[in-house]
file protein-v8.txt (compact mmCIF, C-alpha atoms)
# COMPACT_ATOMS: atom_id res chain seq x y z
CA MET A 309 0.00 0.00 0.00
CA ALA A 310 2.82 2.39 0.83
CA VAL A 311 4.63 1.61 -2.44
CA PHE A 312 1.41 2.25 -4.40
CA GLY A 313 0.96 5.64 -2.70
CA GLY A 314 4.62 6.42 -3.39
CA ILE A 315 4.19 5.77 -7.11
CA ILE A 316 1.13 8.07 -7.27
CA THR A 317 3.04 10.78 -5.38
CA PHE A 318 5.97 10.47 -7.80
CA VAL A 319 3.69 10.91 -10.84
CA GLY A 320 2.12 13.97 -9.19
CA SER A 321 5.53 15.52 -8.52
CA ILE A 322 6.45 14.98 -12.20
CA PHE A 323 3.33 16.97 -13.14
CA LEU A 324 4.34 19.73 -10.70
CA LEU A 325 7.81 19.88 -12.30
CA LEU A 326 6.30 20.06 -15.80
CA GLY A 327 4.02 22.91 -14.71
CA ALA A 328 6.96 24.89 -13.34
CA LEU A 329 8.93 24.18 -16.53
CA GLY A 330 6.01 25.57 -18.55
CA ILE A 331 6.15 28.71 -16.41
CA VAL A 332 9.76 29.24 -17.50
CA ARG A 333 9.50 28.20 -21.17
CA MET A 334 6.17 29.61 -22.44
CA PRO A 335 6.25 32.86 -24.46
CA ASP A 336 3.58 35.14 -22.92
CA VAL A 337 1.40 35.58 -19.83
CA TYR A 338 -1.66 33.63 -20.96
CA ASN A 339 0.28 30.54 -22.05
CA ARG A 340 2.17 30.60 -18.76
CA MET A 341 -1.08 30.88 -16.85
CA GLN A 342 -2.58 27.91 -18.69
CA ALA A 343 0.44 25.67 -18.10
CA GLY A 344 0.83 26.77 -14.51
CA THR A 345 -2.80 26.21 -13.57
CA LYS A 346 -3.80 22.98 -15.34
CA ALA A 347 -0.66 20.93 -14.79
CA THR A 348 -0.26 22.14 -11.22
CA THR A 349 -3.87 21.33 -10.27
CA LEU A 350 -3.55 17.75 -11.53
CA GLY A 351 -0.12 17.42 -9.93
CA ILE A 352 -1.18 18.50 -6.46
CA LEU A 353 -4.30 16.30 -6.68
CA LEU A 354 -2.13 13.22 -7.35
CA PHE A 355 0.48 14.29 -4.76
CA LEU A 356 -2.03 14.67 -1.91
CA ALA A 357 -3.92 11.51 -2.90
CA GLY A 358 -0.69 9.52 -2.90
CA ILE A 359 0.29 10.74 0.57
CA ALA A 360 -3.21 9.98 1.90
CA ILE A 361 -3.05 6.43 0.47
CA GLY A 362 0.47 5.82 1.76
CA HIS A 363 -0.32 6.99 5.32
CA ILE A 364 -3.81 5.53 5.66
CA GLU A 365 -3.31 4.60 9.34
CA CYS A 366 -3.10 8.18 10.68
CA MET A 367 -6.82 9.00 10.10
CA CYS A 368 -6.00 12.21 8.22
CA ILE A 369 -7.76 11.32 4.96
CA PHE A 370 -10.75 13.60 5.59
CA ARG A 371 -8.60 16.70 6.00
CA ILE A 372 -6.66 15.90 2.82
CA LEU A 373 -9.98 15.37 1.00
CA ILE A 374 -11.22 18.80 2.14
CA LEU A 375 -7.89 20.32 1.02
CA ILE A 376 -8.17 18.69 -2.43
CA LEU A 377 -11.76 19.93 -2.88
CA PHE A 378 -10.77 23.46 -1.81
CA ILE A 379 -7.84 23.59 -4.25
CA ILE A 380 -9.95 22.22 -7.14
CA PHE A 381 -12.58 24.91 -6.54
CA THR A 382 -10.35 27.93 -5.93
CA ASN A 383 -7.39 27.50 -8.32
CA PRO A 384 -9.29 28.05 -11.61
CA ILE A 385 -11.19 31.01 -10.09
CA SER A 386 -8.01 32.89 -9.20
CA SER A 387 -6.48 32.10 -12.60
CA HIS A 388 -9.58 33.38 -14.39
CA ALA A 389 -9.63 36.64 -12.41
CA LEU A 390 -5.92 37.15 -13.10
CA ALA A 391 -6.28 36.48 -16.85
CA ARG A 392 -9.13 38.98 -17.11
CA ALA A 393 -7.13 41.60 -15.22
CA ALA A 394 -4.05 41.02 -17.42
CA HIS A 395 -6.17 41.43 -20.55
CA HIS A 396 -7.74 44.57 -19.09
CA ILE A 397 -4.45 46.39 -18.42
CA GLY A 398 -3.33 45.68 -21.99
CA ILE A 399 -0.59 43.04 -21.82
CA PRO A 400 -0.02 41.96 -25.47
CA LEU A 401 -0.47 38.42 -26.78
CA THR A 402 2.42 36.61 -28.44
CA ASP A 403 2.95 36.80 -32.19
CA LYS A 404 1.89 33.19 -32.85
CA SER A 405 -1.63 33.57 -31.43
CA VAL A 406 -4.40 33.51 -34.03
CA THR A 407 -7.48 35.01 -32.35
CA ASP A 408 -8.54 37.21 -29.43
CA ALA A 409 -12.20 36.63 -28.66
CA LEU A 410 -12.41 38.88 -25.59
CA ALA A 411 -11.14 41.96 -27.49
CA GLU A 412 -13.65 41.33 -30.32
CA ASP A 413 -16.47 40.96 -27.81
CA GLU A 414 -15.57 44.17 -25.99
CA SER A 415 -15.30 46.13 -29.28
CA GLU A 416 -18.72 44.86 -30.37
CA LYS A 417 -20.19 45.92 -27.04
CA GLU A 418 -18.73 49.43 -27.33
CA GLU A 419 -20.16 49.77 -30.86
CA ALA A 420 -23.59 48.69 -29.61
CA ILE A 421 -23.49 51.31 -26.84
CA SER A 422 -22.37 54.14 -29.16
CA MET B 915 11.26 1.64 -1.35
CA ALA B 916 8.35 3.87 -0.42
CA ASP B 917 10.64 6.30 1.44
CA ILE B 918 12.85 6.63 -1.64
CA LEU B 919 9.80 7.49 -3.77
CA TYR B 920 8.53 10.08 -1.26
CA ASN B 921 11.95 11.74 -0.91
CA THR B 922 12.41 11.85 -4.70
CA SER B 923 8.99 13.52 -5.02
CA ALA B 924 10.01 16.17 -2.48
CA VAL B 925 13.26 16.84 -4.38
CA LEU B 926 11.31 17.28 -7.65
CA ALA B 927 8.94 19.70 -5.89
CA LEU B 928 11.97 21.69 -4.67
CA ILE B 929 13.33 21.89 -8.25
CA ALA B 930 9.88 23.09 -9.38
CA ILE B 931 9.83 25.83 -6.73
CA ILE B 932 13.30 26.98 -7.86
CA LEU B 933 12.06 27.26 -11.49
CA ALA B 934 8.99 29.26 -10.40
CA ALA B 935 11.25 31.56 -8.35
CA TRP B 936 13.36 32.16 -11.48
CA ARG B 937 10.26 33.34 -13.34
CA LEU B 938 9.33 35.50 -10.33
CA LEU B 939 12.76 37.12 -10.42
CA LYS B 940 12.90 37.63 -14.19
CA GLY B 941 9.31 38.21 -15.35
CA PRO B 942 8.80 41.22 -17.63
CA ASN B 943 5.68 42.65 -15.97
CA VAL B 944 3.44 42.26 -12.94
CA ALA B 945 1.11 39.55 -14.27
CA ASP B 946 4.04 37.14 -14.82
CA ARG B 947 5.11 37.63 -11.23
CA VAL B 948 1.62 36.99 -9.87
CA VAL B 949 1.37 33.77 -11.93
CA ALA B 950 4.72 32.64 -10.51
CA LEU B 951 3.47 33.47 -6.98
CA ASP B 952 0.37 31.34 -7.55
CA VAL B 953 2.40 28.33 -8.74
CA MET B 954 4.87 28.72 -5.85
CA THR B 955 1.96 28.66 -3.39
CA ILE B 956 0.53 25.43 -4.83
CA ILE B 957 3.92 23.69 -4.73
CA SER B 958 4.45 24.96 -1.17
CA ILE B 959 1.18 23.30 -0.11
CA SER B 960 2.53 19.99 -1.41
CA LEU B 961 5.76 20.54 0.56
CA ILE B 962 3.74 21.26 3.74
CA VAL B 963 1.73 18.04 3.35
CA TYR B 964 5.00 16.10 2.79
CA VAL B 965 6.45 17.57 6.00
CA ALA B 966 3.25 16.63 7.84
CA SER B 967 3.59 13.05 6.58
CA ILE B 968 7.19 12.67 7.72
CA ALA B 969 6.63 14.42 11.07
CA GLN B 970 3.44 12.36 11.79
CA ARG B 971 1.44 15.36 13.01
CA VAL B 972 -2.13 16.04 11.91
CA ILE B 973 -2.15 19.72 12.94
CA TYR B 974 0.22 20.63 10.09
CA LEU B 975 -2.62 19.98 7.63
CA ASP B 976 -4.57 22.85 9.23
CA VAL B 977 -1.63 25.12 8.40
CA ALA B 978 -1.87 23.95 4.77
CA MET B 979 -5.59 24.79 4.71
CA VAL B 980 -5.03 28.31 6.09
CA TYR B 981 -2.19 28.74 3.58
CA ALA B 982 -4.42 27.86 0.60
CA LEU B 983 -7.20 30.20 1.77
CA ILE B 984 -4.87 33.16 2.35
CA SER B 985 -3.07 32.75 -0.98
CA PHE B 986 -6.40 32.65 -2.82
CA ILE B 987 -7.52 35.88 -1.14
CA GLY B 988 -4.19 37.56 -1.94
CA VAL B 989 -4.23 36.65 -5.66
CA VAL B 990 -7.87 37.76 -6.03
CA ALA B 991 -7.05 41.07 -4.27
CA ILE B 992 -4.11 41.74 -6.63
CA ALA B 993 -6.25 40.87 -9.68
CA ARG B 994 -9.04 43.18 -8.53
CA TYR B 995 -6.50 45.96 -7.93
CA LEU B 996 -5.08 45.52 -11.46
CA GLU B 997 -8.53 45.58 -13.05
CA ARG B 998 -10.23 48.57 -11.46
CA GLY B 999 -8.47 49.66 -8.29
CA LEU B 1000 -9.05 48.24 -4.81
CA MET C 197 16.19 16.22 3.84
CA ILE C 198 14.78 18.86 6.19
CA ASN C 199 18.10 20.74 6.15
CA GLY C 200 18.12 20.78 2.36
CA ILE C 201 14.60 22.22 2.20
CA ILE C 202 15.53 24.92 4.73
CA ILE C 203 18.68 25.90 2.77
CA VAL C 204 16.90 26.13 -0.61
CA LEU C 205 13.98 28.13 0.79
CA GLY C 206 16.39 30.46 2.61
CA ILE C 207 18.28 31.18 -0.62
CA ILE C 208 15.00 31.99 -2.42
CA MET C 209 14.02 34.25 0.51
CA ILE C 210 17.30 36.19 0.23
CA ALA C 211 16.80 36.62 -3.54
CA SER C 212 13.24 37.86 -2.95
CA ALA C 213 14.47 40.34 -0.33
CA PHE C 214 16.98 41.86 -2.78
CA MET C 215 14.22 41.96 -5.39
CA ALA C 216 11.90 43.80 -2.99
CA ILE C 217 14.57 46.43 -2.38
CA TYR C 218 16.00 46.99 -5.87
CA MET C 219 12.94 46.54 -8.13
CA ARG C 220 11.86 49.71 -9.95
CA SER C 221 8.12 48.96 -10.03
CA LEU C 222 6.51 49.37 -6.62
CA LEU C 223 3.83 46.73 -7.25
CA SER C 224 6.54 44.10 -7.88
CA SER C 225 8.10 45.04 -4.55
CA ILE C 226 4.77 44.39 -2.80
CA ILE C 227 4.52 40.95 -4.46
CA ALA C 228 8.11 40.12 -3.43
CA ALA C 229 7.31 41.05 0.19
CA GLY C 230 4.36 38.63 0.04
CA VAL C 231 6.65 35.86 -1.24
CA ILE C 232 9.02 36.39 1.69
CA SER C 233 6.17 35.91 4.17
CA LEU C 234 4.93 32.76 2.41
CA LEU C 235 8.36 31.13 2.47
CA ALA C 236 9.01 32.21 6.08
CA SER C 237 5.80 30.42 7.01
CA ILE C 238 7.15 27.13 5.61
CA ILE C 239 10.43 27.57 7.45
CA TYR C 240 8.58 28.15 10.75
CA LEU C 241 6.66 24.95 10.05
CA LEU C 242 9.88 23.02 9.42
CA LEU C 243 11.27 24.30 12.72
CA ALA C 244 8.23 22.70 14.49
CA ALA C 245 6.17 25.81 15.27
CA PRO C 246 2.79 25.37 13.55
CA ASP C 247 1.00 28.17 15.43
CA VAL C 248 3.60 30.75 14.45
CA ALA C 249 3.42 29.48 10.86
CA MET C 250 -0.37 29.92 10.79
CA THR C 251 -0.11 33.47 12.17
CA GLU C 252 2.65 34.38 9.70
CA ALA C 253 0.63 33.08 6.74
CA ALA C 254 -2.47 35.00 7.79
CA ILE C 255 -0.93 38.31 8.87
CA GLY C 256 2.24 38.54 6.80
CA SER C 257 0.94 37.34 3.48
CA GLY C 258 -2.75 38.22 3.49
CA LEU C 259 -3.29 41.32 5.58
CA THR C 260 0.01 43.08 4.82
CA THR C 261 -0.41 42.66 1.05
CA VAL C 262 -3.96 44.00 1.10
CA VAL C 263 -3.01 46.97 3.33
CA PHE C 264 -0.02 47.78 1.08
CA LEU C 265 -2.25 47.66 -2.01
CA TYR C 266 -4.81 49.94 -0.33
CA ALA C 267 -2.13 52.48 0.60
CA PHE C 268 -0.54 52.28 -2.87
CA ASN C 269 -3.95 52.91 -4.43
CA LYS C 270 -4.36 56.00 -2.21
CA VAL C 271 -0.98 57.55 -3.05
CA LYS C 272 -0.91 56.61 -6.76
CA GLY C 273 -2.49 59.83 -8.05
CA ARG C 274 0.42 62.07 -7.07
CA GLY C 275 3.92 61.65 -8.50
CA GLU C 276 4.78 59.56 -11.56
CA ASP C 277 2.68 56.54 -12.51
CA ASN C 278 4.35 53.29 -11.46
CA HIS C 279 1.69 51.04 -12.91
CA GLY C 280 3.48 47.92 -14.12

call {"tool": "encode", "arguments": {"input": "protein-v8.txt", "output": "structure tokens"}}
result
Amino acid sequence: MAVFGGIITFVGSIFLLLGALGIVRMPDVYNRMQAGTKATTLGILLFLAGIAIGHIECMCIFRILILILFIIFTNPISSHALARAAHHIGIPLTDKSVTDALAEDESEKEEAIS
Amino acid sequence: MADILYNTSAVLALIAIILAAWRLLKGPNVADRVVALDVMTIISISLIVYVASIAQRVIYLDVAMVYALISFIGVVAIARYLERGL
Amino acid sequence: MINGIIIVLGIIMIASAFMAIYMRSLLSSIIAAGVISLLASIIYLLLAAPDVAMTEAAIGSGLTTVVFLYAFNKVKGRGEDNHG
């Protein structure tokens, strides 16, 4: 049981490392945010689940379950608020990006008002 | 065997926190730094849970919960400040 | 293992402290001060003081960052614009 939990924890830590590597390597803010949020959420889910499986005798599985639920609910919310704020203060997209739906939507809304 | 896997996972998490700190130090503008802060907080929660598992204390998990809540409030406050002022 | 974690986090804390002093943008300095408090909380936890770690995470990272942002929003109108 402990070896099984250790393997799950190891896979989760590999996802954490890949998320941090995406933070360093990606070209602009939005790509960094996507890599840093998705990979890190899956990584910490596997990491905490592996530790809870490996130490099943200490009766701490309910606290780790509450922690996992809290992180799953709050991590995308903070990333979404941050992406909207970064688009609002005018940080440019990278040259390879093909579309910007939020800018088109806001320009259409301004035309409808005026 | 299991201890080797857990220690290797902690070492990989430490390497990840060093990479996120590099982006925090180097990032061109404020949004990059806030993204790096968010990722560093998530990896720090995993380090706290690892320390709780090797110290065999349940109360350390409460510290991890407070840590997650406070970091969420901080990131949302910075995003709201960037969008329209606090 | 514990000693290695303490050394690595201490080096990152020193780098963040220099960044908080020498950075030109004031908002980046506020973020660096928040990072110092977050890492200090983990080091308190590793030195077996969970109550001090909880207080440091709540006061140092949450309340201080919000109060700094509030004060920076109040004084931003006068002087040059440091936004970004």

call {"tool": "residues_around", "arguments": {"input": "protein-v8.txt", "residues": "region 221-224 of chain C", "least_positions_apart": "5", "cutoff": "10 Å", "atoms": "only C-alpha atoms", "output": "list in words"}}
result
Leu938, Leu939, Gly941, Asn943, Val944, Ala945, Arg947, Val948, Ile992 and Leu996 of chain B; Met215, Ala216, Ala229, Gly230, Phe264, Leu265, Phe268, Asp277, Asn278, His279 and Gly280 of chain C

call {"tool": "closest_atom_pairs", "arguments": {"input": "protein-v8.txt", "of": "chain B", "to": "chain A", "cutoff": "9 Å", "atoms": "all atoms listed in the file", "output": "Markdown table"}}
result
| residue | atom | partner | partner_atom | distance |
| --- | --- | --- | --- | --- |
| B:Met915 | CA | A:Val311 | CA | 6.7 |
| B:Ala916 | CA | A:Val311 | CA | 4.8 |
| B:Asp917 | CA | A:Gly314 | CA | 7.7 |
| B:Ile918 | CA | A:Gly314 | CA | 8.4 |
| B:Leu919 | CA | A:Gly314 | CA | 5.3 |
| B:Tyr920 | CA | A:Gly314 | CA | 5.8 |
| B:Thr922 | CA | A:Phe318 | CA | 7.3 |
| B:Ser923 | CA | A:Phe318 | CA | 5.1 |
| B:Ala924 | CA | A:Ser321 | CA | 7.5 |
| B:Val925 | CA | A:Ser321 | CA | 8.9 |
| B:Leu926 | CA | A:Ser321 | CA | 6.1 |
| B:Ala927 | CA | A:Ser321 | CA | 6.0 |
| B:Leu928 | CA | A:Leu325 | CA | 8.9 |
| B:Ile929 | CA | A:Leu325 | CA | 7.1 |
| B:Ala930 | CA | A:Leu325 | CA | 4.8 |
| B:Ile931 | CA | A:Ala328 | CA | 7.3 |
| B:Ile932 | CA | A:Ala328 | CA | 8.6 |
| B:Leu933 | CA | A:Ala328 | CA | 5.9 |
| B:Ala934 | CA | A:Ala328 | CA | 5.6 |
| B:Trp936 | CA | A:Val332 | CA | 7.6 |
| B:Arg937 | CA | A:Val332 | CA | 5.9 |
| B:Asn943 | CA | A:Ile399 | CA | 8.6 |
| B:Val944 | CA | A:Ala394 | CA | 8.8 |
| B:Ala945 | CA | A:Ala394 | CA | 6.2 |
| B:Asp946 | CA | A:Val337 | CA | 5.9 |
| B:Val948 | CA | A:Leu390 | CA | 8.2 |
| B:Val949 | CA | A:Met341 | CA | 6.2 |
| B:Ala950 | CA | A:Ile331 | CA | 7.2 |
| B:Asp952 | CA | A:Gly344 | CA | 8.3 |
| B:Val953 | CA | A:Gly344 | CA | 6.2 |
| B:Met954 | CA | A:Ala328 | CA | 8.7 |
| B:Ile956 | CA | A:Thr348 | CA | 7.2 |
| B:Ile957 | CA | A:Leu324 | CA | 7.2 |
| B:Ile959 | CA | A:Ile352 | CA | 8.3 |
| B:Ser960 | CA | A:Ile352 | CA | 6.4 |
| B:Val963 | CA | A:Leu356 | CA | 7.3 |
| B:Tyr964 | CA | A:Ile359 | CA | 7.5 |
| B:Ser967 | CA | A:Ile359 | CA | 7.2 |
| B:Gln970 | CA | A:Cys366 | CA | 7.8 |
| B:Arg971 | CA | A:Cys366 | CA | 8.8 |
| B:Val972 | CA | A:Cys368 | CA | 6.6 |
| B:Leu975 | CA | A:Arg371 | CA | 7.0 |
| B:Asp976 | CA | A:Arg371 | CA | 8.0 |
| B:Ala978 | CA | A:Leu375 | CA | 8.0 |
| B:Met979 | CA | A:Leu375 | CA | 6.2 |
| B:Ala982 | CA | A:Ile379 | CA | 7.3 |
| B:Leu983 | CA | A:Phe378 | CA | 8.4 |
| B:Phe986 | CA | A:Ser386 | CA | 6.6 |
| B:Ile987 | CA | A:Ser386 | CA | 8.6 |
| B:Val989 | CA | A:Ser386 | CA | 6.4 |
| B:Val990 | CA | A:Ser386 | CA | 5.8 |
| B:Ile992 | CA | A:Leu390 | CA | 8.1 |
| B:Ala993 | CA | A:Leu390 | CA | 5.1 |
| B:Arg994 | CA | A:Ala393 | CA | 7.1 |
| B:Tyr995 | CA | A:Ala393 | CA | 8.5 |
| B:Leu996 | CA | A:Ala393 | CA | 5.8 |
| B:Glu997 | CA | A:Ala393 | CA | 4.7 |
| B:Arg998 | CA | A:Ala393 | CA | 8.5 |

call {"tool": "residues_near_point", "arguments": {"input": "protein-v8.txt", "point": "(12.1, 45.2, -3.9)", "cutoff": "7 Å", "atoms": "only C-alpha atoms", "output": "MDAnalysis selection string"}}
result
chainID C and resid 213:219 224:225 228

call {"tool": "interface_residues", "arguments": {"input": "protein-v8.txt", "of": "chain C", "to": "chain B", "cutoff": "9 Å", "atoms": "all atoms listed in the file", "output": "PyMOL selection string"}}
result
chain C and resi 197-198+201+204-205+208+211-212+215+221+223-224+227-228+230-231+234-235+237-238+241-242+246-247+249-250+253-254+257-259+261-262+265-266+269+279-280

call {"tool": "atom_distance", "arguments": {"input": "protein-v8.txt", "atom1": "CA of Gly206 (chain C)", "atom2": "CA of Ala347 (chain A)"}}
result
26.2 Å

call {"tool": "atom_distance", "arguments": {"input": "protein-v8.txt", "atom1": "CA of Pro384 (chain A)", "atom2": "CA of Phe370 (chain A)"}}
result
22.5 Å

call {"tool": "atom_distance", "arguments": {"input": "protein-v8.txt", "atom1": "CA of Leu243 (chain C)", "atom2": "CA of Ile207 (chain C)"}}
result
16.6 Å
